Amino acid sequence: MASASRPQFSGRLGFVMAAAGSAVGLGNIWGFPTQTAGNGGGAFVVVYCVLVFLLAYPALMAELIIGRYRRANIVTALGGMGSHALVRRFGKGVGLYGVLTASLILAFYSLVGGWMLAHTLQPAFALIRADSGATWLTTQTPWRDIIFSGLFAGLTAAIVSAGVKQGIERWARRLMPLLITLMLLLALYVWSLEGAETGLKMLLLPDPSGLTNPSLLISAMGQAFFSLSLGVGTMLIYGSYLSPDDSLPATGAIVAGVDTGIALLAGLLIIPAIFAAQHLGIVIYGEDGTLHSGPKLIFNTLPALFSSIGNTGLALAAIFFALLSIAALTSSISMLEVPVAYLEESLSLSRKRAVAIAGSVIFSASILIALYFDQLFGFVVTFTTQYNQAILGIVLCLFSGWLLHREHLLKVLGKKEYRLFNTIWPVYVRFVCPLLIALIFVHSLRG
Ligand code: PHE
């Protein structure tokens, strides 16, 4: 497993940028606001924050701890834990399932990332009145999807093949500050629009009756696991590149905090924008009386708002979709790192070759999804994010709880943190966390 030449992030900041880059993605800027809009506003935000703290942060710690302890990709890491051959074989199987899931997530994520790139270019075409080009860019067709997901996958592959420090960390350091700046600029603009305060109220004043709704719990847990990139070995492999002297619990808490903070900021940007759109006469409710959410919100309501503001609106639209593209890219590189690290470490391939192999297999899957969109897209999303992430999350908690003993934890965490952590951690991660995830998961299957 670990070798002397194993790559490492340059320090805590580099890790935080990369891991927050992985966490902050379409899940935050698209998923969180649309789920909030579709689930009654502030109540969803409250439940989400509680679940991040109770379930997602411990699951994140479980992955980081395993990654740092084993210093290897998810397959090698899980395949080497426990003393029974059967447990090891099971671990290896779970690891491979994680690699498959990360790759499938990347296959549909590249498609969505491609939509964002196409929408980023559209305002430029609209500005020079190249109307047919602008329409082509924003109309979903297999060709547009294949070309732009190829572009998105190409960018992802180029960054990952440059290496952990020179590629992933370097680009996360460049893109994350840009992302936050663009978001703040847009938010300031949106808050100045008439009608925005209705959205702010919806988000900040939760309706308590919503808090007991079980479907809220299910959506919020899925959203939290997806948003923190859990279960599929991304945080595990990033944890394995963290230098041994950085405090794990604190670093993990920063990543979870940044991820949640940016999701909230995205909510504070997008939901007020919906009501500013309504103020301008744009329809924001569907026939059944619920707020437009999902693709309708991102690709209809918000562009309608932008285009009603004239040329400034075109700039705003370009900034908005650039923001989404950047967020998607810093996440997609972390997904690709999962199969790449596995191929590199287990099969001794060079990084470039590993990227070429994993990249082309995953891109082929994206092409299939683009061609059979109606049959495949929803299925792949549900299978990977709703089922697999929860199941893998449970197994990772169990592995870190039952197969890492006192001396391992002591080694990974250091004396001071170990003492603090050890009071509740073992019981929590062995019993409470897996049970709670399982309960919510089973409930989601029945409902
Ligand atoms: N966390 C990313 C987002 O919010 C998605 C992701 C899932 C990234 C799984 C890596 C692994 O968009």
# chains A, B, ... in the order shown; residues from 1 in each chain; ligands from 1

call {"tool": "residues_near_ligand", "arguments": {"ligand": "ligand 1", "cutoff": "9 Å", "atoms": "only C-alpha atoms and all ligand atoms", "output": "PyMOL selection string"}}
result
chain A and resi 20-32+101-102+105-106+109+223-235+259+263+327-328+330-336+338+385+389

call {"tool": "residues_around", "arguments": {"residues": "Ile168 of chain A", "least_positions_apart": "6", "cutoff": "10 Å", "atoms": "only C-alpha atoms", "output": "PyMOL selection string"}}
result
chain A and resi 9+14-15+17-19+21-22+156+158-162+330+333-334+337

call {"tool": "residues_around", "arguments": {"residues": "Arg88 of chain A", "least_positions_apart": "6", "cutoff": "12 Å", "atoms": "only C-alpha atoms", "output": "PyMOL selection string"}}
result
chain A and resi 75-82+94-95+399+403

call {"tool": "residues_around", "arguments": {"residues": "segment 40-49 of chain A", "least_positions_apart": "4", "cutoff": "10 Å", "atoms": "only C-alpha atoms", "output": "PDB file with C-alpha atoms, in the first residue's frame"}}
result
ATOM      1  CA  PHE A  32     -29.616  22.499  -2.072  1.00  0.00           C
ATOM      2  CA  PRO A  33     -31.615  25.562  -3.204  1.00  0.00           C
ATOM      3  CA  THR A  34     -33.969  23.485  -5.359  1.00  0.00           C
ATOM      4  CA  GLN A  35     -34.548  20.963  -2.577  1.00  0.00           C
ATOM      5  CA  THR A  36     -35.139  23.836  -0.179  1.00  0.00           C
ATOM      6  CA  PHE A  53     -23.886  17.543  12.204  1.00  0.00           C
ATOM      7  CA  LEU A  54     -25.384  14.215  13.368  1.00  0.00           C
ATOM      8  CA  ALA A  56     -22.678  13.487   7.595  1.00  0.00           C
ATOM      9  CA  GLY A 199     -37.457  34.620  -0.771  1.00  0.00           C
ATOM     10  CA  LEU A 200     -35.209  35.646   2.091  1.00  0.00           C
ATOM     11  CA  LYS A 201     -38.140  35.291   4.484  1.00  0.00           C
ATOM     12  CA  MET A 202     -39.058  31.868   3.113  1.00  0.00           C
ATOM     13  CA  LEU A 203     -35.553  30.704   3.838  1.00  0.00           C
ATOM     14  CA  LEU A 204     -34.926  32.373   7.159  1.00  0.00           C
ATOM     15  CA  LEU A 205     -38.294  31.855   8.855  1.00  0.00           C
ATOM     16  CA  PRO A 206     -38.921  28.094   8.925  1.00  0.00           C
ATOM     17  CA  ASP A 207     -42.479  26.835   9.110  1.00  0.00           C
ATOM     18  CA  PRO A 208     -42.341  24.513  12.176  1.00  0.00           C
ATOM     19  CA  SER A 209     -45.034  22.181  10.806  1.00  0.00           C
ATOM     20  CA  GLY A 210     -42.598  21.163   8.063  1.00  0.00           C
ATOM     21  CA  LEU A 211     -40.066  19.882  10.602  1.00  0.00           C
ATOM     22  CA  THR A 212     -41.905  16.633  11.300  1.00  0.00           C
ATOM     23  CA  ASN A 213     -42.390  15.652   7.683  1.00  0.00           C
ATOM     24  CA  LEU A 216     -37.983  16.008   4.464  1.00  0.00           C
ATOM     25  CA  LEU A 217     -35.650  13.857   6.515  1.00  0.00           C
ATOM     26  CA  ILE A 218     -35.009  11.515   3.610  1.00  0.00           C
ATOM     27  CA  SER A 219     -34.332  14.288   1.115  1.00  0.00           C
ATOM     28  CA  ALA A 220     -32.123  16.115   3.584  1.00  0.00           C
ATOM     29  CA  MET A 221     -30.009  13.038   4.339  1.00  0.00           C
ATOM     30  CA  GLY A 222     -29.518  12.228   0.654  1.00  0.00           C
ATOM     31  CA  GLN A 223     -28.624  15.834   0.005  1.00  0.00           C
ATOM     32  CA  ALA A 224     -26.123  15.930   2.902  1.00  0.00           C
ATOM     33  CA  GLY A 257     -18.617  23.995   7.618  1.00  0.00           C
ATOM     34  CA  THR A 260     -22.776  23.937   4.463  1.00  0.00           C
ATOM     35  CA  GLY A 261     -21.988  27.665   4.430  1.00  0.00           C
ATOM     36  CA  ALA A 263     -25.016  25.709   0.320  1.00  0.00           C
ATOM     37  CA  LEU A 264     -26.739  28.287   2.539  1.00  0.00           C
ATOM     38  CA  GLY A 267     -29.995  29.212  -1.075  1.00  0.00           C
ATOM     39  CA  ILE A 271     -34.546  31.566  -3.619  1.00  0.00           C
ATOM     40  CA  THR A 290     -45.628  23.923  -5.978  1.00  0.00           C
ATOM     41  CA  LEU A 291     -42.633  26.094  -6.704  1.00  0.00           C
TER      42      LEU A 291
END

call {"tool": "closest_atom_pairs", "arguments": {"of": "segment 161-258 of chain A", "to": "segment 298-316 of chain A", "cutoff": "12 Å", "atoms": "only C-alpha atoms", "output": "JSON lines"}}
result
{"residue": "A:Leu182", "atom": "CA", "partner": "A:Leu316", "partner_atom": "CA", "distance": 9.9}
{"residue": "A:Met183", "atom": "CA", "partner": "A:Leu316", "partner_atom": "CA", "distance": 10.8}
{"residue": "A:Leu185", "atom": "CA", "partner": "A:Leu316", "partner_atom": "CA", "distance": 9.6}
{"residue": "A:Leu186", "atom": "CA", "partner": "A:Leu316", "partner_atom": "CA", "distance": 7.3}
{"residue": "A:Ala187", "atom": "CA", "partner": "A:Leu316", "partner_atom": "CA", "distance": 10.7}
{"residue": "A:Leu188", "atom": "CA", "partner": "A:Leu316", "partner_atom": "CA", "distance": 11.8}
{"residue": "A:Tyr189", "atom": "CA", "partner": "A:Leu316", "partner_atom": "CA", "distance": 9.1}
{"residue": "A:Val190", "atom": "CA", "partner": "A:Leu316", "partner_atom": "CA", "distance": 9.9}
{"residue": "A:Leu193", "atom": "CA", "partner": "A:Leu305", "partner_atom": "CA", "distance": 10.6}
{"residue": "A:Glu194", "atom": "CA", "partner": "A:Leu305", "partner_atom": "CA", "distance": 11.9}
{"residue": "A:Gly195", "atom": "CA", "partner": "A:Leu305", "partner_atom": "CA", "distance": 11.9}
{"residue": "A:Ala196", "atom": "CA", "partner": "A:Leu305", "partner_atom": "CA", "distance": 12.0}

call {"tool": "write_last_selection", "arguments": {"atoms": "C-alpha atoms", "output": "PDB file, in the first residue's frame"}}
result
ATOM      1  CA  LEU A 182     -18.711  35.294  -8.021  1.00  0.00           C
ATOM      2  CA  MET A 183     -21.356  34.004  -5.645  1.00  0.00           C
ATOM      3  CA  LEU A 185     -21.286  39.401  -6.301  1.00  0.00           C
ATOM      4  CA  LEU A 186     -24.394  37.729  -7.646  1.00  0.00           C
ATOM      5  CA  ALA A 187     -26.026  37.525  -4.218  1.00  0.00           C
ATOM      6  CA  LEU A 188     -25.492  41.250  -3.615  1.00  0.00           C
ATOM      7  CA  TYR A 189     -27.109  42.008  -6.951  1.00  0.00           C
ATOM      8  CA  VAL A 190     -30.058  39.687  -6.395  1.00  0.00           C
ATOM      9  CA  LEU A 193     -33.940  43.353  -6.676  1.00  0.00           C
ATOM     10  CA  GLU A 194     -37.558  43.959  -5.792  1.00  0.00           C
ATOM     11  CA  GLY A 195     -39.366  40.897  -4.532  1.00  0.00           C
ATOM     12  CA  ALA A 196     -36.163  39.285  -3.216  1.00  0.00           C
TER      13      ALA A 196
END

call {"tool": "atom_distance", "arguments": {"atom1": "atom CA of Arg71 of chain A", "atom2": "atom CA of Thr384 of chain A"}}
result
25.2 Å

call {"tool": "select_by_dssp", "arguments": {"residues": "segment 118-238 of chain A", "states": "alpha helix (DSSP H)", "output": "PyMOL selection string"}}
result
chain A and resi 118-127+131-138+142-161+170-191+196-204+214-227+234-238

call {"tool": "residues_around", "arguments": {"residues": "segment 146-154 of chain A", "least_positions_apart": "3", "cutoff": "10 Å", "atoms": "only C-alpha atoms", "output": "PyMOL selection string"}}
result
chain A and resi 106-118+137+141-143+157-160+325+328-329+332-333+336+359-360+362-364+366-371

call {"tool": "atom_distance", "arguments": {"atom1": "atom CA of Phe441 of chain A", "atom2": "atom CA of Ile262 of chain A"}}
result
25.7 Å

call {"tool": "closest_residue", "arguments": {"among": "A:Val258, A:Ala277, A:Leu175, A:Leu297", "to": "Ala37 of chain A", "atoms": "only C-alpha atoms"}}
result
A:Leu297

call {"tool": "residues_around", "arguments": {"residues": "Gly67 of chain A", "least_positions_apart": "4", "cutoff": "10 Å", "atoms": "only C-alpha atoms", "output": "PDB file with C-alpha atoms, in the first residue's frame"}}
result
ATOM      1  CA  MET A  61     -14.602  11.528   9.715  1.00  0.00           C
ATOM      2  CA  ALA A  62     -14.907   7.774   9.220  1.00  0.00           C
ATOM      3  CA  GLU A  63     -13.670   8.134   5.637  1.00  0.00           C
ATOM      4  CA  ARG A  71      -2.836   5.700   3.088  1.00  0.00           C
ATOM      5  CA  ALA A  72      -4.357   4.100   0.026  1.00  0.00           C
ATOM      6  CA  ASN A  73      -7.310   4.133  -2.374  1.00  0.00           C
ATOM      7  CA  ILE A  74     -10.664   2.774  -1.193  1.00  0.00           C
ATOM      8  CA  ALA A  77      -7.724   0.493   2.085  1.00  0.00           C
ATOM      9  CA  LEU A  78     -10.850  -1.563   2.818  1.00  0.00           C
ATOM     10  CA  GLY A 233     -14.041   6.997  -1.545  1.00  0.00           C
ATOM     11  CA  THR A 234     -13.375  10.617  -2.550  1.00  0.00           C
ATOM     12  CA  MET A 235     -12.913  11.837   0.987  1.00  0.00           C
ATOM     13  CA  LEU A 236     -11.046   8.645   1.804  1.00  0.00           C
ATOM     14  CA  ILE A 237      -8.481   9.176  -0.943  1.00  0.00           C
ATOM     15  CA  TYR A 238      -8.153  12.908  -0.178  1.00  0.00           C
ATOM     16  CA  GLY A 239      -7.679  12.015   3.505  1.00  0.00           C
ATOM     17  CA  SER A 240      -4.898   9.673   2.469  1.00  0.00           C
ATOM     18  CA  TYR A 241      -3.081  12.607   0.823  1.00  0.00           C
ATOM     19  CA  LEU A 242      -3.309  14.787   3.939  1.00  0.00           C
ATOM     20  CA  VAL A 412      -4.164   8.559  13.194  1.00  0.00           C
TER      21      VAL A 412
END

call {"tool": "closest_residue", "arguments": {"among": "A:Leu396, A:Ile180, A:Ala322, A:Val164", "to": "Leu121 of chain A", "atoms": "only C-alpha atoms"}}
result
A:Ala322

call {"tool": "atom_distance", "arguments": {"atom1": "atom CA of Pro214 of chain A", "atom2": "atom CA of Leu435 of chain A"}}
result
16.4 Å

call {"tool": "residues_around", "arguments": {"residues": "Leu436 of chain A", "least_positions_apart": "5", "cutoff": "12 Å", "atoms": "only C-alpha atoms", "output": "ChimeraX atom specification"}}
result
/A:51,54-56,58-59,217-218,221,390-391,393-394,397,428-431,441-443

call {"tool": "closest_residue", "arguments": {"among": "A:Ile440, A:Ile65, A:Val381, A:Val340", "to": "Val99 of chain A", "atoms": "only C-alpha atoms"}}
result
A:Val340
